[in-house]
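Chemist: Before anything else, here's the structure in question.
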Amino acid sequence: MAIAITLEQYLSDRHVPFDTIDHKMTQSALDSCATAHIPNYKLAKAVILYNSRGDLLMAVVPAANRLSIMELNRHMGEDYKLMSESHLYSLFPDCEEGAIPSLGIAYSIPMVVDYTLFDNDEVFIEAGDHRHLLRIDRAEYMNLLSHVPQGDLCGAAIGSPKFVDSVVRDW
């Protein structure tokens, strides 16, 4: 599979041009960036959450950062929690596990996007498998998400030491 059928149909129906980027098989967004030779701040990473009513939300942040759930909850005025990986397959049946495209609207899932993704000239998203990314021009990406809430959702940079890890233990 090069691109998830639902995603491809959504982009085609809206006449959104994109390029497919092939890369070696990977299991993480950061590895996809490295093997595709793209900056990690240009890859839009999807995080699926739910609230107490069972409402779903896709938060999208650069692969360079973790999602700050505290900032997301403050921004949305709700209490969202991470959805477990085991529940994601039913939401994205045409995608491989862990390769969720960061266009929830294609799957009828409400979204919120970190505004820093709009600072780039292009945005990359997972195509639905672990071997392909899609490159979408910034203007096209912004147009697709023009009605989607935006905010400062980024937490710590990926790879940053946690506070506990930064404390020297061996005196």
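Lettering and numbering for the structure tokens are positional, with chains as A, B, ... in the shown order, residues counted from 1 in each chain, and ligands counted from 1 in the shown order.
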If you run DSSP on this backbone, which residues of segment 12-169 of chain A come out as alpha helix (DSSP H), and could you give them as an MDAnalysis selection string?
Modeler: chainID A and resid 12:13 29:36 69:76 88:91 138:144 163:166
Chemist: Tell me which protein, DNA and RNA residues are within 7 Å of segment 123-138 of chain A, counting only C-alpha atoms, leaving out same-chain ones fewer than 4 positions away, and put them as a ChimeraX atom specification.
Modeler: /A:1-4,17-27,42-44,95-96,99-102,118,142
Chemist: Give me a file of those residues, with N, CA, C and O atoms, as a short mmCIF file (atom, residue, chain, number, x, y, z; two decimals), in the first residue's frame.
Modeler:
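again-v7.cif, freshly written:
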data_model
loop_
_atom_site.label_atom_id
_atom_site.label_comp_id
_atom_site.auth_asym_id
_atom_site.auth_seq_id
_atom_site.Cartn_x
_atom_site.Cartn_y
_atom_site.Cartn_z
N MET A 1 0.85 -1.18 0.00
CA MET A 1 0.00 0.00 0.00
C MET A 1 0.90 1.24 0.00
O MET A 1 1.80 1.36 0.80
N ALA A 2 0.64 2.17 -0.89
CA ALA A 2 1.40 3.40 -0.93
C ALA A 2 0.66 4.53 -0.20
O ALA A 2 1.27 5.35 0.45
N ILE A 3 -0.65 4.56 -0.35
CA ILE A 3 -1.44 5.61 0.31
C ILE A 3 -2.80 5.01 0.69
O ILE A 3 -3.39 4.28 -0.09
N ALA A 4 -3.25 5.35 1.89
CA ALA A 4 -4.54 4.84 2.36
C ALA A 4 -5.65 5.32 1.43
O ALA A 4 -5.67 6.48 1.00
N PRO A 17 -3.06 18.67 -4.77
CA PRO A 17 -1.86 18.01 -5.29
C PRO A 17 -0.93 17.61 -4.15
O PRO A 17 -0.84 18.30 -3.13
N PHE A 18 -0.27 16.48 -4.32
CA PHE A 18 0.70 16.02 -3.32
C PHE A 18 1.74 15.16 -4.02
O PHE A 18 1.52 14.66 -5.12
N ASP A 19 2.87 15.02 -3.37
CA ASP A 19 3.92 14.12 -3.84
C ASP A 19 4.03 12.99 -2.85
O ASP A 19 3.91 13.19 -1.63
N THR A 20 4.28 11.79 -3.35
CA THR A 20 4.51 10.64 -2.50
C THR A 20 6.01 10.46 -2.33
O THR A 20 6.75 10.43 -3.31
N ILE A 21 6.45 10.38 -1.08
CA ILE A 21 7.86 10.22 -0.75
C ILE A 21 8.08 8.79 -0.24
O ILE A 21 7.48 8.41 0.77
N ASP A 22 8.89 8.03 -0.94
CA ASP A 22 9.23 6.68 -0.50
C ASP A 22 10.39 6.74 0.48
O ASP A 22 11.28 7.57 0.33
N HIS A 23 10.36 5.84 1.46
CA HIS A 23 11.49 5.73 2.39
C HIS A 23 11.57 4.30 2.90
O HIS A 23 10.65 3.49 2.69
N LYS A 24 12.66 4.00 3.57
CA LYS A 24 12.81 2.66 4.13
C LYS A 24 11.75 2.42 5.20
O LYS A 24 11.24 3.36 5.81
N MET A 25 11.43 1.17 5.42
CA MET A 25 10.46 0.77 6.45
C MET A 25 10.89 1.34 7.80
O MET A 25 12.05 1.18 8.20
N THR A 26 9.97 2.02 8.48
CA THR A 26 10.26 2.59 9.79
C THR A 26 9.10 2.31 10.74
O THR A 26 8.00 1.98 10.30
N GLN A 27 9.34 2.50 12.02
CA GLN A 27 8.31 2.28 13.03
C GLN A 27 8.02 3.53 13.85
O GLN A 27 7.24 3.48 14.79
N LYS A 42 8.78 19.33 10.06
CA LYS A 42 7.87 19.42 8.92
C LYS A 42 6.91 18.23 8.81
O LYS A 42 5.99 18.25 8.01
N LEU A 43 7.14 17.19 9.61
CA LEU A 43 6.24 16.04 9.58
C LEU A 43 5.14 16.24 10.61
O LEU A 43 5.41 16.39 11.80
N ALA A 44 3.90 16.25 10.15
CA ALA A 44 2.73 16.40 11.03
C ALA A 44 2.38 15.04 11.62
O ALA A 44 2.05 14.11 10.89
N CYS A 95 -5.25 1.72 7.16
CA CYS A 95 -3.89 2.12 7.52
C CYS A 95 -3.21 1.02 8.32
O CYS A 95 -3.86 0.27 9.05
N GLU A 96 -1.89 0.96 8.18
CA GLU A 96 -1.12 0.06 9.02
C GLU A 96 -1.05 0.64 10.43
O GLU A 96 -1.09 1.86 10.61
N ALA A 99 0.69 4.12 11.62
CA ALA A 99 0.97 4.98 10.46
C ALA A 99 -0.27 5.80 10.11
O ALA A 99 -0.76 5.79 8.99
N ILE A 100 -0.77 6.51 11.08
CA ILE A 100 -2.02 7.26 10.92
C ILE A 100 -1.77 8.59 10.21
O ILE A 100 -0.96 9.40 10.66
N PRO A 101 -2.48 8.83 9.11
CA PRO A 101 -2.36 10.13 8.44
C PRO A 101 -2.89 11.25 9.34
O PRO A 101 -3.90 11.08 10.02
N SER A 102 -2.22 12.37 9.34
CA SER A 102 -2.61 13.48 10.21
C SER A 102 -3.64 14.40 9.54
O SER A 102 -3.55 15.61 9.62
N PHE A 118 2.14 25.46 10.27
CA PHE A 118 1.84 26.39 9.18
C PHE A 118 3.00 27.34 8.88
O PHE A 118 2.92 28.13 7.94
N MET A 142 -2.95 24.48 4.55
CA MET A 142 -3.71 25.50 5.30
C MET A 142 -5.15 25.57 4.81
O MET A 142 -6.07 25.74 5.61
#
Chemist: For Asp79 of chain A, work out the shell of residues within 8 Å, counting only C-alpha atoms and skipping chain neighbours fewer than 2 positions away, then give it as a list of chain:residue names.
Modeler: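 Residues meeting the cut-off are A:Asn51, A:Ser52, A:Asn73, A:Gly77, A:Lys81.
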Chemist: With distances taken over only C-alpha atoms, which of A:Ser28, A:Thr35, A:Ser68, A:Thr6 is nearest to Leu49 of chain A?
Modeler: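 With only C-alpha atoms as the atom set, the closest residue is A:Ser68.
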Chemist: What are the closest atom pairs, with distances in Å to one decimal, for each residue of segment 64-156 of chain A lying within 10 Å of segment 45-48 of chain A, using only C-alpha atoms, rows by chain and rising residue number, as a tab-separated table?
Modeler:
residue	atom	partner	partner_atom	distance
A:Ala64	CA	A:Lys45	CA	8.9
A:Asn65	CA	A:Lys45	CA	9.0
A:Arg66	CA	A:Lys45	CA	9.2
A:Leu67	CA	A:Val47	CA	7.7
A:Tyr80	CA	A:Ile48	CA	9.5
A:Lys81	CA	A:Ile48	CA	8.6
A:Leu82	CA	A:Ile48	CA	6.2
A:Met83	CA	A:Ile48	CA	5.8
A:Ser84	CA	A:Ile48	CA	8.5
A:Glu85	CA	A:Ile48	CA	9.0
A:His87	CA	A:Ile48	CA	9.9
A:Leu88	CA	A:Ile48	CA	8.1
A:Leu91	CA	A:Ile48	CA	9.9
A:Gly98	CA	A:Ala46	CA	9.6
A:Ala99	CA	A:Ala46	CA	8.9
A:Ile100	CA	A:Ala46	CA	6.5
A:Pro101	CA	A:Ala46	CA	6.7
A:Ser102	CA	A:Ala46	CA	4.7
A:Leu103	CA	A:Ala46	CA	8.0
A:Gly104	CA	A:Ala46	CA	8.2
A:Ile109	CA	A:Ile48	CA	9.2
A:Pro110	CA	A:Ile48	CA	10.0
A:Met111	CA	A:Ile48	CA	9.2
A:Val112	CA	A:Ala46	CA	9.9
A:Val113	CA	A:Ala46	CA	9.3
A:Phe124	CA	A:Lys45	CA	9.0
A:Ile125	CA	A:Lys45	CA	7.1
A:Glu126	CA	A:Lys45	CA	7.8
Chemist: How would the residues just picked look written out with N, CA, C and O atoms as a CSV table (one decimal), in the first residue's frame?
Modeler:
chain,number,residue,atom,x,y,z
A,64,ALA,N,8.8,16.6,15.7
A,64,ALA,CA,9.9,17.0,16.6
A,64,ALA,C,9.5,17.1,18.0
A,64,ALA,O,10.4,17.2,18.9
A,65,ASN,N,8.2,17.2,18.3
A,65,ASN,CA,7.7,17.5,19.6
A,65,ASN,C,6.7,16.4,20.1
A,65,ASN,O,6.1,15.8,19.3
A,66,ARG,N,6.6,16.4,21.4
A,66,ARG,CA,5.5,15.6,22.1
A,66,ARG,C,4.3,16.5,22.1
A,66,ARG,O,4.4,17.7,22.0
A,67,LEU,N,3.1,15.9,22.2
A,67,LEU,CA,1.9,16.7,22.4
A,67,LEU,C,1.9,17.1,23.9
A,67,LEU,O,2.1,16.2,24.8
A,80,TYR,N,-9.1,15.7,27.8
A,80,TYR,CA,-8.8,14.6,26.9
A,80,TYR,C,-7.7,13.7,27.4
A,80,TYR,O,-6.8,14.1,28.1
A,81,LYS,N,-7.8,12.4,27.0
A,81,LYS,CA,-6.9,11.4,27.3
A,81,LYS,C,-6.4,10.7,26.1
A,81,LYS,O,-7.2,10.6,25.1
A,82,LEU,N,-5.2,10.1,26.1
A,82,LEU,CA,-4.7,9.4,25.0
A,82,LEU,C,-5.5,8.1,24.7
A,82,LEU,O,-5.8,7.4,25.7
A,83,MET,N,-5.8,7.8,23.5
A,83,MET,CA,-6.5,6.6,23.1
A,83,MET,C,-5.4,5.5,23.0
A,83,MET,O,-4.3,5.8,22.4
A,84,SER,N,-5.7,4.3,23.4
A,84,SER,CA,-4.8,3.2,23.3
A,84,SER,C,-4.6,2.8,21.8
A,84,SER,O,-5.6,2.9,21.0
A,85,GLU,N,-3.4,2.3,21.5
A,85,GLU,CA,-3.1,1.8,20.1
A,85,GLU,C,-4.1,0.8,19.6
A,85,GLU,O,-4.5,0.7,18.5
A,87,HIS,N,-7.2,0.5,19.9
A,87,HIS,CA,-8.5,1.0,19.5
A,87,HIS,C,-8.4,1.7,18.1
A,87,HIS,O,-9.4,2.1,17.5
A,88,LEU,N,-7.2,2.0,17.7
A,88,LEU,CA,-7.0,2.8,16.5
A,88,LEU,C,-7.3,2.1,15.2
A,88,LEU,O,-7.7,2.8,14.2
A,91,LEU,N,-10.6,2.8,13.7
A,91,LEU,CA,-10.8,4.1,13.2
A,91,LEU,C,-10.1,4.4,11.9
A,91,LEU,O,-10.6,5.2,11.1
A,98,GLY,N,0.0,2.3,13.6
A,98,GLY,CA,1.1,3.3,13.9
A,98,GLY,C,1.4,4.2,12.7
A,98,GLY,O,2.3,5.0,12.8
A,99,ALA,N,0.7,4.1,11.6
A,99,ALA,CA,1.0,5.0,10.5
A,99,ALA,C,-0.3,5.8,10.1
A,99,ALA,O,-0.8,5.8,9.0
A,100,ILE,N,-0.8,6.5,11.1
A,100,ILE,CA,-2.0,7.3,10.9
A,100,ILE,C,-1.8,8.6,10.2
A,100,ILE,O,-1.0,9.4,10.7
A,101,PRO,N,-2.5,8.8,9.1
A,101,PRO,CA,-2.4,10.1,8.4
A,101,PRO,C,-2.9,11.2,9.3
A,101,PRO,O,-3.9,11.1,10.0
A,102,SER,N,-2.2,12.4,9.3
A,102,SER,CA,-2.6,13.5,10.2
A,102,SER,C,-3.6,14.4,9.5
A,102,SER,O,-3.6,15.6,9.6
A,103,LEU,N,-4.6,13.8,8.9
A,103,LEU,CA,-5.8,14.5,8.3
A,103,LEU,C,-7.0,13.8,8.8
A,103,LEU,O,-7.7,13.0,8.1
A,104,GLY,N,-7.3,14.0,10.1
A,104,GLY,CA,-8.5,13.3,10.7
A,104,GLY,C,-9.8,13.6,10.0
A,104,GLY,O,-10.7,12.8,10.0
A,109,ILE,N,-12.9,12.7,11.8
A,109,ILE,CA,-12.5,12.9,13.2
A,109,ILE,C,-12.1,14.3,13.4
A,109,ILE,O,-11.3,14.9,12.6
A,110,PRO,N,-12.7,15.0,14.3
A,110,PRO,CA,-12.4,16.4,14.6
A,110,PRO,C,-10.9,16.6,14.9
A,110,PRO,O,-10.3,15.7,15.4
A,111,MET,N,-10.4,17.7,14.5
A,111,MET,CA,-8.9,18.0,14.7
A,111,MET,C,-8.6,19.3,15.4
A,111,MET,O,-9.4,20.2,15.4
A,112,VAL,N,-7.4,19.4,15.9
A,112,VAL,CA,-6.8,20.6,16.4
A,112,VAL,C,-5.3,20.5,16.0
A,112,VAL,O,-4.7,19.4,16.0
A,113,VAL,N,-4.8,21.6,15.5
A,113,VAL,CA,-3.4,21.6,14.9
A,113,VAL,C,-2.5,22.6,15.6
A,113,VAL,O,-2.9,23.7,15.9
A,124,PHE,N,4.6,17.4,5.6
A,124,PHE,CA,4.6,16.0,5.3
A,124,PHE,C,3.7,15.2,6.3
A,124,PHE,O,3.6,15.6,7.4
A,125,ILE,N,2.9,14.3,5.7
A,125,ILE,CA,2.0,13.5,6.6
A,125,ILE,C,2.3,12.0,6.3
A,125,ILE,O,2.7,11.6,5.2
A,126,GLU,N,1.9,11.1,7.2
A,126,GLU,CA,2.0,9.7,7.0
A,126,GLU,C,1.0,9.4,5.9
A,126,GLU,O,-0.2,9.9,5.9
Chemist: My list of candidates is A:Val148, A:Leu117, A:Asp94, A:Leu153. Which is closest to Leu7 of chain A when distances are computed with only C-alpha atoms?
Modeler: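 Checking each candidate against Leu7 of chain A, we get A:Asp94 as the closest.
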Chemist: Go through A:Ala157, A:Ala106, A:Ala59, A:Ile5 one by one, measure the shortest atom-to-atom distance of each to Leu144 of chain A using only C-alpha atoms, and give the residue with the smallest value.
Modeler: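 Distance minimum relative to Leu144 of chain A lands on A:Ala106.
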